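**Q** The structure that follows is given in the form of structure tokens.
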Amino acid sequence: MPGGREAMKHNQAADTDRSLVSLLYGRVNTTLSSDGGMHRVFRQRVTLSLNGIESTQYIESTKYRMDINTTVLLPLMESVFIDADDPFIVEYDGDSPEPLLCRTSMLDHESLVSESKCSVKFVSSETIDIEQPSFASRQYVVAFQLNASIEFSTNSLSETLEQKLQIGLDYGATLHIRYLSPTSNQTGVFDGLNGIVPIAIHQPTLYSGIVCLTERVSGNEVQYFLLDTDATPDAQRESTTQEPITIHVAVGLDGDYWWVTTITMLCALFGGFIVMRSIDTVSSFD
């Protein structure tokens, strides 16, 4: 069967290609600020672990470059959102006027790094309505796409590249909390304790990752590393099963609905009356 032979050749070629690729392992660790109220800093660190290069053809070389590409998925409950127009925490490095959205580092070997670059992109498959309350919103998934590079030099390949290397990618996003449904005491028991209710924030997942190690002088590619999503080490398995982060936020009381509505309408009418009284002072242009 021609189709079967072609499929067999394709599989053999794929197996050959895979044999030239080493595996890397990764995890995502997060930190959510305890302050900020309804707008909190959500910092994330992607850690990629490389077991060392297998090729020794460039053992005399001392200059290398790593190109890194990763994608992180973050599921968001209906009670939180990230503003697609302003998703990241912006920082500045020294006197540079350029905004810094993410950082790249070679953990345990930072002194060898001569230059590093990092860029991060926020991706959402739909329009995020920042005005929706939680009871009108729904769950969805957003993505962070990171592209980074590290240039480093070493005098001894056996003491660095053949050991386990760890790459860190750090970035932060602003996590906004939507207006939640008011608590109710119709049954005699408050849904929230003193108007405070818990909400859950899921942990991000490292969806994909690839690292290309290049010898800088000749430009030859030394080794590829691809994220292993099948057999993960204990450290990664633990990171992918982290419990959601639970925070407590204030909400209104359902019994105060008419008071809030009445006061809001009165303030709106009073403001409209003031504007109409001052309409004759508004400048008009010919």
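Convention: chains lettered A, B, ... in structure tokens order; per-chain residue numbering from 1; ligands numbered from 1 as shown.
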Identify, on the basis of only C-alpha atoms, every residue whose closest approach to Thr214 (chain A) does not exceed 6 Å; exclude the query and any residue fewer than 4 positions from it along the same chain; express the result as a count of residues only.

**A** 5

**Q** For Thr31 (chain A), which of A:Ile196, A:Leu50, A:Leu175, A:Leu227 is the closest residue, counting only C-alpha atoms?

**A**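 Result for the nearest residue to Thr31 (chain A): A:Leu175.
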
**Q** Which neighbours of region 131-142 of chain A fall inside 7 Å, counting only C-alpha atoms, when residues of the same chain fewer than 2 positions from it are skipped, and could you give them as JSON, numbers by chain?

**A** {"A": [73, 74, 75, 76, 77, 78, 79, 123, 124, 129, 178, 179, 180, 181]}

**Q** Emit the selected residues as a compact mmCIF listing (two decimals), in the first residue's frame, including all heavy atoms.

**A**
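Result file follows (part_27.txt):
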# COMPACT_ATOMS: atom_id res chain seq x y z
N LEU A 73 -0.33 29.45 29.46
CA LEU A 73 -1.78 29.61 29.47
C LEU A 73 -2.27 29.91 30.88
O LEU A 73 -1.82 29.28 31.84
CB LEU A 73 -2.47 28.34 28.94
CG LEU A 73 -2.11 27.90 27.52
CD1 LEU A 73 -2.92 26.66 27.15
CD2 LEU A 73 -2.35 29.02 26.52
N LEU A 74 -3.19 30.86 30.97
CA LEU A 74 -3.74 31.25 32.27
C LEU A 74 -5.26 31.20 32.21
O LEU A 74 -5.88 32.03 31.53
CB LEU A 74 -3.28 32.65 32.66
CG LEU A 74 -3.87 33.22 33.96
CD1 LEU A 74 -3.46 32.37 35.16
CD2 LEU A 74 -3.43 34.68 34.15
N PRO A 75 -5.90 30.25 32.88
CA PRO A 75 -7.37 30.23 32.94
C PRO A 75 -7.87 31.27 33.94
O PRO A 75 -7.35 31.39 35.04
CB PRO A 75 -7.69 28.80 33.41
CG PRO A 75 -6.46 28.36 34.13
CD PRO A 75 -5.30 29.08 33.54
N LEU A 76 -8.87 32.04 33.53
CA LEU A 76 -9.43 33.09 34.37
C LEU A 76 -10.88 32.78 34.69
O LEU A 76 -11.68 32.49 33.80
CB LEU A 76 -9.33 34.45 33.67
CG LEU A 76 -7.92 34.99 33.41
CD1 LEU A 76 -7.98 36.29 32.64
CD2 LEU A 76 -7.16 35.18 34.72
N MET A 77 -11.20 32.84 35.98
CA MET A 77 -12.57 32.66 36.40
C MET A 77 -13.38 33.90 36.05
O MET A 77 -12.84 34.95 35.67
CB MET A 77 -12.62 32.38 37.90
CG MET A 77 -11.85 31.15 38.34
SD MET A 77 -12.59 29.63 37.74
CE MET A 77 -14.02 29.54 38.82
N GLU A 78 -14.71 33.80 36.19
CA GLU A 78 -15.57 34.92 35.84
C GLU A 78 -15.41 36.12 36.77
O GLU A 78 -15.86 37.22 36.46
CB GLU A 78 -17.04 34.47 35.84
CG GLU A 78 -17.55 34.00 37.20
CD GLU A 78 -17.28 32.54 37.46
OE1 GLU A 78 -16.63 31.90 36.61
OE2 GLU A 78 -17.72 32.04 38.51
N SER A 79 -14.73 35.92 37.90
CA SER A 79 -14.59 36.99 38.88
C SER A 79 -13.36 37.86 38.67
O SER A 79 -13.18 38.86 39.38
CB SER A 79 -14.57 36.39 40.30
OG SER A 79 -13.56 35.41 40.41
N VAL A 123 -2.15 37.48 24.73
CA VAL A 123 -3.03 37.00 23.66
C VAL A 123 -4.35 36.56 24.29
O VAL A 123 -4.38 35.80 25.25
CB VAL A 123 -2.41 35.81 22.90
CG1 VAL A 123 -3.36 35.33 21.82
CG2 VAL A 123 -1.07 36.21 22.30
N SER A 124 -5.45 37.07 23.73
CA SER A 124 -6.78 36.65 24.14
C SER A 124 -7.60 36.38 22.89
O SER A 124 -7.56 37.14 21.93
CB SER A 124 -7.46 37.73 25.00
OG SER A 124 -8.79 37.36 25.31
N ASP A 129 -14.36 42.44 28.20
CA ASP A 129 -15.17 43.57 28.66
C ASP A 129 -14.77 43.88 30.10
O ASP A 129 -15.05 43.11 31.01
CB ASP A 129 -16.65 43.23 28.57
CG ASP A 129 -17.54 44.44 28.81
OD1 ASP A 129 -17.04 45.44 29.40
OD2 ASP A 129 -18.72 44.41 28.42
N ARG A 178 -13.49 41.71 39.27
CA ARG A 178 -14.78 42.25 38.85
C ARG A 178 -15.68 42.49 40.06
O ARG A 178 -15.45 41.97 41.15
CB ARG A 178 -15.47 41.29 37.87
CG ARG A 178 -14.71 41.06 36.57
CD ARG A 178 -15.55 40.22 35.62
NE ARG A 178 -14.83 39.89 34.41
CZ ARG A 178 -14.76 40.68 33.33
NH1 ARG A 178 -15.39 41.84 33.34
NH2 ARG A 178 -14.09 40.31 32.25
N TYR A 179 -16.72 43.30 39.82
CA TYR A 179 -17.74 43.50 40.86
C TYR A 179 -18.51 42.20 41.04
O TYR A 179 -19.05 41.64 40.09
CB TYR A 179 -18.67 44.64 40.49
CG TYR A 179 -17.99 45.99 40.50
CD1 TYR A 179 -17.72 46.67 39.31
CD2 TYR A 179 -17.60 46.58 41.70
CE1 TYR A 179 -17.08 47.90 39.32
CE2 TYR A 179 -16.96 47.81 41.72
CZ TYR A 179 -16.70 48.46 40.53
OH TYR A 179 -16.07 49.66 40.54
N LEU A 180 -18.56 41.73 42.27
CA LEU A 180 -19.17 40.44 42.56
C LEU A 180 -20.64 40.61 42.94
O LEU A 180 -21.10 41.70 43.27
CB LEU A 180 -18.42 39.76 43.70
CG LEU A 180 -16.91 39.57 43.49
CD1 LEU A 180 -16.28 38.97 44.73
CD2 LEU A 180 -16.65 38.70 42.27
N SER A 181 -21.36 39.51 42.89
CA SER A 181 -22.76 39.52 43.31
C SER A 181 -22.84 39.84 44.80
O SER A 181 -22.01 39.38 45.59
CB SER A 181 -23.41 38.15 43.05
OG SER A 181 -23.38 37.84 41.68

**Q** Could you give me, as an mmCIF file with N, CA, C and O atoms, in the first residue's frame, the residues within 8 Å of Tyr171 (chain A), counting only C-alpha atoms and dropping anything in the same chain fewer than 6 positions from it?

**A**
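Contents of result-v9.cif, freshly written:
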data_model
loop_
_atom_site.group_PDB
_atom_site.id
_atom_site.type_symbol
_atom_site.label_atom_id
_atom_site.label_comp_id
_atom_site.auth_asym_id
_atom_site.auth_seq_id
_atom_site.Cartn_x
_atom_site.Cartn_y
_atom_site.Cartn_z
ATOM 1 N N ARG A 43 2.699 38.336 39.565
ATOM 2 C CA ARG A 43 4.011 38.071 38.977
ATOM 3 C C ARG A 43 4.169 36.584 38.687
ATOM 4 O O ARG A 43 3.733 35.738 39.466
ATOM 5 N N GLN A 44 4.823 36.304 37.556
ATOM 6 C CA GLN A 44 5.020 34.925 37.130
ATOM 7 C C GLN A 44 6.480 34.717 36.723
ATOM 8 O O GLN A 44 7.084 35.593 36.117
ATOM 9 N N ARG A 45 6.996 33.556 37.080
ATOM 10 C CA ARG A 45 8.343 33.168 36.651
ATOM 11 C C ARG A 45 8.272 31.815 35.964
ATOM 12 O O ARG A 45 7.826 30.825 36.544
ATOM 13 N N PHE A 88 0.391 44.424 31.293
ATOM 14 C CA PHE A 88 1.636 44.105 31.981
ATOM 15 C C PHE A 88 2.052 45.167 32.994
ATOM 16 O O PHE A 88 1.680 46.342 32.889
ATOM 17 N N ILE A 89 2.866 44.721 33.942
ATOM 18 C CA ILE A 89 3.539 45.613 34.865
ATOM 19 C C ILE A 89 4.769 46.165 34.155
ATOM 20 O O ILE A 89 5.637 45.407 33.717
ATOM 21 N N LEU A 101 9.245 44.875 30.158
ATOM 22 C CA LEU A 101 8.077 44.058 30.466
ATOM 23 C C LEU A 101 8.450 42.688 31.022
ATOM 24 O O LEU A 101 7.652 42.081 31.733
ATOM 25 N N CYS A 102 9.636 42.171 30.669
ATOM 26 C CA CYS A 102 10.059 40.875 31.203
ATOM 27 C C CYS A 102 11.582 40.840 31.275
ATOM 28 O O CYS A 102 12.273 41.624 30.614
ATOM 29 N N ARG A 103 12.090 39.926 32.081
ATOM 30 C CA ARG A 103 13.524 39.763 32.272
ATOM 31 C C ARG A 103 13.916 38.316 32.021
ATOM 32 O O ARG A 103 13.153 37.401 32.313
ATOM 33 N N VAL A 120 7.397 39.932 25.697
ATOM 34 C CA VAL A 120 6.227 39.145 26.071
ATOM 35 C C VAL A 120 5.003 39.764 25.420
ATOM 36 O O VAL A 120 4.880 40.983 25.314
#

**Q** For Pro99 (chain A), list every protein, DNA or RNA residue within 7 Å, evaluated using only C-alpha atoms, and leave out those in the same chain fewer than 4 positions away; present the list as a ChimeraX atom specification.

**A** /A:90-92

**Q** Please dump the current selection as a compact mmCIF listing (two decimals), in the first residue's frame; keep N, CA, C and O atoms.

**A**
# COMPACT_ATOMS: atom_id res chain seq x y z
N VAL A 90 4.85 47.47 34.02
CA VAL A 90 5.95 48.10 33.30
C VAL A 90 7.00 48.57 34.30
O VAL A 90 6.68 49.27 35.28
N GLU A 91 8.25 48.21 34.05
CA GLU A 91 9.37 48.63 34.87
C GLU A 91 10.42 49.27 33.98
O GLU A 91 10.37 49.14 32.75
N TYR A 92 11.38 49.95 34.62
CA TYR A 92 12.46 50.59 33.88
C TYR A 92 13.79 50.20 34.50
O TYR A 92 13.92 50.11 35.73

**Q** Which neighbours of region 199-202 of chain A fall inside 6 Å, counting only C-alpha atoms, when residues of the same chain fewer than 3 positions from it are skipped, and could you give them as a ChimeraX atom specification?

**A** /A:244-247

**Q** One decimal, in Å: what's the spacing between CA of His248 (chain A) and CA of Val197 (chain A)?

**A**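 Atom-to-atom, CA of His248 (chain A) to CA of Val197 (chain A), that is 5.3 Å.
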
**Q** What is the distance, in Å and to one decimal place, between CA of Asn147 (chain A) and CA of Lys117 (chain A)?

**A** 8.3 Å

**Q** Can you measure CA of Leu206 (chain A) to CA of Val249 (chain A) for me? One decimal in Å is fine.

**A**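 Distance reported for this atom pair: 28.2 Å.
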
**Q** Within 10 Å of region 46-48 of chain A, counting only C-alpha atoms, which residues qualify if same-chain residues fewer than 5 places away don't, as a PyMOL selection string?

**A** chain A and resi 24-30+68+70-72+104-107+146+165-171+204-206+209-211+225+227+236

**Q** Export N, CA, C and O atoms of the chosen residues as a compact mmCIF listing (two decimals), in the first residue's frame?

**A**
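Output saved as result.txt:
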# COMPACT_ATOMS: atom_id res chain seq x y z
N LEU A 24 13.59 19.35 27.65
CA LEU A 24 13.72 20.29 28.76
C LEU A 24 12.46 20.21 29.60
O LEU A 24 11.40 19.80 29.13
N TYR A 25 12.59 20.61 30.83
CA TYR A 25 11.47 20.57 31.77
C TYR A 25 11.22 21.98 32.28
O TYR A 25 12.15 22.78 32.42
N GLY A 26 9.97 22.30 32.52
CA GLY A 26 9.64 23.66 32.93
C GLY A 26 8.51 23.71 33.93
O GLY A 26 7.74 22.76 34.09
N ARG A 27 8.40 24.85 34.58
CA ARG A 27 7.32 25.09 35.53
C ARG A 27 7.08 26.60 35.60
O ARG A 27 7.92 27.40 35.17
N VAL A 28 5.93 26.96 36.14
CA VAL A 28 5.58 28.37 36.32
C VAL A 28 5.27 28.59 37.80
O VAL A 28 4.41 27.90 38.37
N ASN A 29 5.97 29.52 38.41
CA ASN A 29 5.70 29.91 39.80
C ASN A 29 5.12 31.31 39.82
O ASN A 29 5.49 32.18 39.01
N THR A 30 4.18 31.56 40.71
CA THR A 30 3.46 32.83 40.74
C THR A 30 3.50 33.46 42.13
O THR A 30 3.66 32.77 43.13
N ILE A 68 14.96 31.44 23.04
CA ILE A 68 13.94 30.78 23.85
C ILE A 68 12.56 31.25 23.40
O ILE A 68 12.35 32.45 23.17
N THR A 70 8.47 30.41 24.58
CA THR A 70 7.55 29.68 25.45
C THR A 70 6.16 30.30 25.38
O THR A 70 6.01 31.48 25.04
N THR A 71 5.16 29.50 25.70
CA THR A 71 3.78 29.95 25.80
C THR A 71 3.19 29.48 27.12
O THR A 71 3.30 28.30 27.46
N VAL A 72 2.59 30.41 27.84
CA VAL A 72 1.97 30.13 29.14
C VAL A 72 0.48 30.40 29.02
O VAL A 72 0.07 31.46 28.53
N THR A 104 15.12 38.14 31.49
CA THR A 104 15.66 36.81 31.24
C THR A 104 16.94 36.65 32.04
O THR A 104 17.77 37.57 32.10
N SER A 105 17.13 35.49 32.65
CA SER A 105 18.33 35.25 33.43
C SER A 105 18.71 33.78 33.32
O SER A 105 17.87 32.91 33.09
N MET A 106 19.99 33.51 33.49
CA MET A 106 20.49 32.14 33.55
C MET A 106 20.78 31.85 35.02
O MET A 106 21.80 32.28 35.57
N LEU A 107 19.88 31.16 35.66
CA LEU A 107 19.97 30.92 37.08
C LEU A 107 21.23 30.09 37.38
O LEU A 107 21.57 29.16 36.67
N LEU A 146 6.25 34.37 25.18
CA LEU A 146 7.55 34.95 25.52
C LEU A 146 8.60 34.54 24.51
O LEU A 146 8.70 33.36 24.15
N LEU A 165 21.31 23.29 33.40
CA LEU A 165 21.15 24.74 33.32
C LEU A 165 19.70 25.09 33.56
O LEU A 165 18.78 24.36 33.18
N GLN A 166 19.48 26.24 34.19
CA GLN A 166 18.14 26.73 34.44
C GLN A 166 18.02 28.16 33.92
O GLN A 166 18.85 29.01 34.21
N ILE A 167 16.96 28.38 33.15
CA ILE A 167 16.68 29.69 32.58
C ILE A 167 15.43 30.25 33.23
O ILE A 167 14.42 29.54 33.37
N GLY A 168 15.49 31.50 33.65
CA GLY A 168 14.34 32.15 34.28
C GLY A 168 13.79 33.26 33.42
O GLY A 168 14.54 34.10 32.91
N LEU A 169 12.47 33.27 33.22
CA LEU A 169 11.76 34.34 32.50
C LEU A 169 10.75 34.95 33.47
O LEU A 169 9.83 34.27 33.91
N ASP A 170 10.94 36.23 33.78
CA ASP A 170 10.10 36.90 34.77
C ASP A 170 9.28 38.00 34.13
O ASP A 170 9.81 38.81 33.35
N TYR A 171 8.00 38.05 34.47
CA TYR A 171 7.11 39.11 33.99
C TYR A 171 5.94 39.22 34.96
O TYR A 171 5.73 38.35 35.82
N PRO A 204 -1.22 29.41 36.36
CA PRO A 204 -0.92 29.28 34.92
C PRO A 204 -0.25 27.94 34.62
O PRO A 204 0.29 27.27 35.51
N THR A 205 -0.28 27.56 33.35
CA THR A 205 0.29 26.31 32.88
C THR A 205 1.28 26.59 31.76
O THR A 205 0.99 27.35 30.84
N LEU A 206 2.45 25.96 31.83
CA LEU A 206 3.43 26.07 30.76
C LEU A 206 2.99 25.17 29.62
O LEU A 206 3.06 23.94 29.71
N GLY A 209 7.41 25.04 25.04
CA GLY A 209 8.71 25.66 25.24
C GLY A 209 9.75 25.05 24.34
O GLY A 209 9.78 23.82 24.13
N ILE A 210 10.61 25.88 23.77
CA ILE A 210 11.70 25.40 22.92
C ILE A 210 12.90 26.32 23.11
O ILE A 210 12.76 27.54 23.25
N VAL A 211 14.08 25.71 23.15
CA VAL A 211 15.33 26.45 23.30
C VAL A 211 16.29 25.98 22.22
O VAL A 211 16.46 24.77 22.00
N PHE A 225 16.28 22.04 22.38
CA PHE A 225 15.61 21.51 23.57
C PHE A 225 14.12 21.76 23.43
O PHE A 225 13.70 22.89 23.14
N LEU A 227 10.17 21.14 25.17
CA LEU A 227 9.47 20.87 26.43
C LEU A 227 8.87 19.47 26.42
O LEU A 227 8.16 19.09 25.49
N GLN A 236 8.25 19.36 38.20
CA GLN A 236 7.28 19.94 37.27
C GLN A 236 5.88 19.41 37.55
O GLN A 236 4.90 20.13 37.45
